[in-house]
Amino acid sequence: MAGSIRVKMLRAHRNCCFLLSLLIIVVGSHALDEREASLAKELHDKGWILYSAKSDNGTWDLFMMRPDGSDARNLTNTPDIEEAAPRFSPSSDRILFRSLKKGTKIDHDKWGFQGQLMVAAPDATNAQSVGGDGEYSWASWSPDGKSIVCLLPKGIQVVDLQSKKVVREIPRKGIYQQLFWSPDGKAFTGTGNVGGASWNVVRLDIESGEVTPVHIFQSCTPDWFPDSQHIIYSSRPDNQKANNGYGWTQLWMAKGDGSENKLIFGQDGVHIYGGALSPDAKYVVFTKCPVDGGGSESEGAPICIMRMADAPTIQGDSAELRAQHPNVKDGPVLELAKGWEPCWTFNAIGETK
Amino acid sequence: MRAYLQVACRILAICATIQGCSKSGGVAHDPKLSTLGTIEVTAKLVDTGGEFPPNDLYDYAHVMKYEVQQTHRGKIEGNVIYVGHYNPLKARNAVADERVKDVGGNVTKFIAGDVHRMALVAPIDEHFMGGIVNKLPESGKGPIYWALWTERAG
């Protein structure tokens with residue numbers, strides 16, 4: 001009899017524990033939903049996210065959406081070509097992107113060599129070809145928007161967009177892809193070879209020609225903060241046990257001299273790429289993909305946005321990552337449409353459409 | 001019956017050897033060997049520079065060590081050179097891609113001890129724009145050559 005009462009009490013205790021856990025999960029997720037809703041509300045009027053994505057017509061097109069994910073629109077809707085990797089000019093009065101033959105697989109490692117470079121209005125209208133297939137490799141904007149900067153084996157070339165003349169040549173010092181010019185015009189950042197190893201993020205000072213490693217080992221896709229002092233990049237740190245020892249790629253930042261390396265966002269189970277700041281550097285947009293490379297070969301990956309004030313944030317169980325970064329803020333992260341290589345403007349674009 | 005099979009295998013082996021010799025005798029080489037780059041050498045691959053990195057997600061150039069047996073064109077210093085081969089897990093006739101359009105040859109695998117005839121250019125940094133894997137620290141003393149065309153020799 002006493003044993004029966006004890007069993008009943010144990011069952012009741014278990015049921016209570018289960019209900020309590022359920023309550024915690026429900027309340028917790030509700031709180032997170034509220035925080036996400038609050039972030040979405042905060043973001044709604046903060047310009048536009050421009051990105052490439054697989055569209056219903058089966059090809060990659062250029063899209064735009066509000067930073068809360070609303071008002072998404074296909075800007076190009078071209079079923080006969082693939083369009084990818086759009087980027088606003090510094091004043092957001094134009095965009096550049098690459099246009100590829102229909103059916104071309106967008107290679108996350110070689111896309112800067114693929115297709116034609118195009119320049120268009122910020123809503124992707126009036127697109128003009130700048131050169132032929134494979135020309136102007138890894139092109140990105142100069143700070144004044146009048147030129148583009150390209151990576152060639154013999155060096156970095158600054159090309160005047162109006163005349164298409166090479167106006168300056170600079171040794172590339174081992175940089176081999178993802179080249180971006182700082183807003184203040186003083187330096188480049190890119191992915192390069194350093195000391196017999198590839199996949200390092202570096203800063204190249206234009207005046208002195210000096211290369212400074214920003215982050216050594218398995219790092220890439222760098223971009224500038226608006227202050228020209230900090231660089232955002234993806235990094236897959238060494239000695240991770242997860243993913244059969246391959247590890248997961250995280251979003252990091254550092255000063256241009258390589259100091260003050262800090263985690264921005266990480267989550268075991270996904271690779272973080274395409275990190276870019278909002279124009280006021282208060283928010284960061286990125287993609288999280290279960291497959292390494294960012295998903296350009298398939299359908300892209302969810303575009304995410306979080307506050308920089310919430311960095312570092314870690315999502316999911318991520319036991320190994322949390323053990324390395326115990327003081328995280330666990331801020332809300334908005335998960336939006338699938339895409340690849342997002343960028344951000346605060347300008348009003350196409351809002352009269 | 002077994003004796004006949006052994007004789008047939010030997011004849012086939014001899015035929016294969018004769019065919020190999022005729023290809024490496026200097027007449028069957030692709031004209032690109034003598035036109036691409038600035039240097040043409042016959043050299044023995046003495047060190048492949050460690051395990052080749054996987055190429056399922058990323059393609060690299062991998063630096064290997066050679067002992068030069070003969071210089072056909074151009075000038076090199078010493079008889080040991082370091083050569084970067086693009087995506088060495090791939091056969092040379094299938095290695096060209098959007099990043100590297102002007103590489104080729106008939107080598108299918110890189111094996112230490114093999115002899116290659118190569119069209120080269122230097123330094124690699126001015127001719128190849130991609131990740132370079134170099135596990136041979138002694139290569140830092142001289143230029144690293146970039147292999148444009150690689151054929152079997154000897």
# chains A, B, ... in the order shown; residues from 1 in each chain; ligands from 1
>>> interface_residues(of="chain B", to="chain A", cutoff="10 Å", atoms="only C-alpha atoms", output="VMD selection string")
chain B and resid 57 to 63 97 to 100 124 to 137 139 to 140
>>> residues_around(residues="segment 35-48 of chain B", least_positions_apart="4", cutoff="8 Å", atoms="only C-alpha atoms", output="ChimeraX atom specification")
/B:31,63-76,110-121,148-149,153
>>> atom_distance(atom1="atom CA of Trp344 of chain A", atom2="atom CA of Val159 of chain A")
24.1 Å
>>> residues_around(residues="segment 215-218 of chain A", least_positions_apart="2", cutoff="9 Å", atoms="only C-alpha atoms", output="list of chain:residue names")
A:Val194, A:Ala197, A:Ser198, A:Trp199, A:Asn200, A:Val201, A:Val202, A:Pro213, A:Cys220, A:Tyr233, A:Ser234, A:Ser235, A:Arg236, A:Pro237, A:Asp238, A:Thr249, A:Ala254, A:Gly258, A:Ser259, A:Asn261
>>> write_last_selection(atoms="N, CA and C atoms", output="PDB file, in the first residue's frame")
ATOM      1  N   VAL A 194      48.696  33.797 -46.982  1.00  0.00           N
ATOM      2  CA  VAL A 194      49.695  34.365 -46.063  1.00  0.00           C
ATOM      3  C   VAL A 194      50.576  33.229 -45.556  1.00  0.00           C
ATOM      4  N   ALA A 197      49.762  29.546 -46.311  1.00  0.00           N
ATOM      5  CA  ALA A 197      48.399  29.096 -46.002  1.00  0.00           C
ATOM      6  C   ALA A 197      47.390  29.974 -46.730  1.00  0.00           C
ATOM      7  N   SER A 198      46.305  29.360 -47.166  1.00  0.00           N
ATOM      8  CA  SER A 198      45.252  30.123 -47.825  1.00  0.00           C
ATOM      9  C   SER A 198      44.139  30.418 -46.815  1.00  0.00           C
ATOM     10  N   TRP A 199      43.132  31.147 -47.278  1.00  0.00           N
ATOM     11  CA  TRP A 199      41.968  31.489 -46.453  1.00  0.00           C
ATOM     12  C   TRP A 199      42.332  32.308 -45.214  1.00  0.00           C
ATOM     13  N   ASN A 200      42.894  33.457 -45.474  1.00  0.00           N
ATOM     14  CA  ASN A 200      43.150  34.433 -44.408  1.00  0.00           C
ATOM     15  C   ASN A 200      42.492  35.749 -44.817  1.00  0.00           C
ATOM     16  N   VAL A 201      41.960  36.475 -43.859  1.00  0.00           N
ATOM     17  CA  VAL A 201      41.426  37.806 -44.139  1.00  0.00           C
ATOM     18  C   VAL A 201      42.537  38.813 -43.884  1.00  0.00           C
ATOM     19  N   VAL A 202      42.771  39.677 -44.871  1.00  0.00           N
ATOM     20  CA  VAL A 202      43.871  40.644 -44.749  1.00  0.00           C
ATOM     21  C   VAL A 202      43.375  42.055 -45.037  1.00  0.00           C
ATOM     22  N   PRO A 213      47.633  40.885 -41.679  1.00  0.00           N
ATOM     23  CA  PRO A 213      46.644  39.831 -41.461  1.00  0.00           C
ATOM     24  C   PRO A 213      45.602  40.283 -40.433  1.00  0.00           C
ATOM     25  N   CYS A 220      37.208  34.135 -44.355  1.00  0.00           N
ATOM     26  CA  CYS A 220      36.931  34.666 -45.701  1.00  0.00           C
ATOM     27  C   CYS A 220      35.756  35.629 -45.654  1.00  0.00           C
ATOM     28  N   TYR A 233      33.868  39.351 -40.916  1.00  0.00           N
ATOM     29  CA  TYR A 233      34.306  38.218 -41.736  1.00  0.00           C
ATOM     30  C   TYR A 233      33.737  36.916 -41.170  1.00  0.00           C
ATOM     31  N   SER A 234      33.813  35.862 -42.001  1.00  0.00           N
ATOM     32  CA  SER A 234      33.422  34.524 -41.557  1.00  0.00           C
ATOM     33  C   SER A 234      34.668  33.750 -41.181  1.00  0.00           C
ATOM     34  N   SER A 235      34.547  32.916 -40.159  1.00  0.00           N
ATOM     35  CA  SER A 235      35.711  32.154 -39.699  1.00  0.00           C
ATOM     36  C   SER A 235      35.264  30.786 -39.180  1.00  0.00           C
ATOM     37  N   ARG A 236      36.024  29.785 -39.554  1.00  0.00           N
ATOM     38  CA  ARG A 236      35.768  28.433 -39.024  1.00  0.00           C
ATOM     39  C   ARG A 236      36.957  28.071 -38.140  1.00  0.00           C
ATOM     40  N   PRO A 237      36.858  28.382 -36.838  1.00  0.00           N
ATOM     41  CA  PRO A 237      38.021  28.207 -35.960  1.00  0.00           C
ATOM     42  C   PRO A 237      38.500  26.753 -35.909  1.00  0.00           C
ATOM     43  N   ASP A 238      39.786  26.618 -35.663  1.00  0.00           N
ATOM     44  CA  ASP A 238      40.446  25.312 -35.579  1.00  0.00           C
ATOM     45  C   ASP A 238      39.994  24.574 -34.310  1.00  0.00           C
ATOM     46  N   THR A 249      31.183  27.362 -39.405  1.00  0.00           N
ATOM     47  CA  THR A 249      31.701  28.699 -39.714  1.00  0.00           C
ATOM     48  C   THR A 249      30.888  29.744 -38.961  1.00  0.00           C
ATOM     49  N   ALA A 254      36.843  42.241 -36.391  1.00  0.00           N
ATOM     50  CA  ALA A 254      38.144  42.622 -35.820  1.00  0.00           C
ATOM     51  C   ALA A 254      38.488  44.030 -36.285  1.00  0.00           C
ATOM     52  N   GLY A 258      44.025  43.677 -37.046  1.00  0.00           N
ATOM     53  CA  GLY A 258      43.943  42.289 -36.588  1.00  0.00           C
ATOM     54  C   GLY A 258      43.675  42.140 -35.102  1.00  0.00           C
ATOM     55  N   SER A 259      43.580  43.254 -34.403  1.00  0.00           N
ATOM     56  CA  SER A 259      43.321  43.169 -32.959  1.00  0.00           C
ATOM     57  C   SER A 259      41.815  43.119 -32.699  1.00  0.00           C
ATOM     58  N   ASN A 261      39.641  40.706 -32.079  1.00  0.00           N
ATOM     59  CA  ASN A 261      38.778  39.719 -32.733  1.00  0.00           C
ATOM     60  C   ASN A 261      37.619  39.355 -31.808  1.00  0.00           C
TER      61      ASN A 261
END
>>> select_by_dssp(residues="segment 5-228 of chain A", states="strand (DSSP E or B)", output="PyMOL selection string")
chain A and resi 48-54+60-65+73-74+81-88+95-101+116-120+128-129+140-141+147-152+155-160+166-170+175-181+187-194+197-205+211-215+219-224
>>> atom_distance(atom1="atom CA of Ile305 of chain A", atom2="atom CA of Val284 of chain A")
5.6 Å
>>> closest_residue(among="A:Lys262, A:Arg203, A:Lys338, A:Lys164", to="Pro312 of chain A", atoms="only C-alpha atoms")
A:Lys262
>>> atom_distance(atom1="atom CA of Ala276 of chain A", atom2="atom CA of Trp340 of chain A")
11.7 Å
>>> closest_residue(among="B:Gly105, B:Gly142, B:Gly78, B:Gly154", to="Ala91 of chain B", atoms="only C-alpha atoms")
B:Gly105
>>> closest_residue(among="A:Ala40, A:Cys150, A:Val166, A:Leu321", to="Asp68 of chain A", atoms="only C-alpha atoms")
A:Ala40
>>> select_by_dssp(residues="chain B", states="helix (DSSP H, G or I)", output="JSON, numbers by chain")
{"B": [2, 3, 4, 5, 6, 7, 8, 9, 10, 11, 12, 13, 14, 15, 16, 17, 18, 19, 20, 21, 22, 23, 24, 32, 33, 34, 35, 92, 93, 94, 124, 125, 126, 137, 138, 139, 140, 141]}
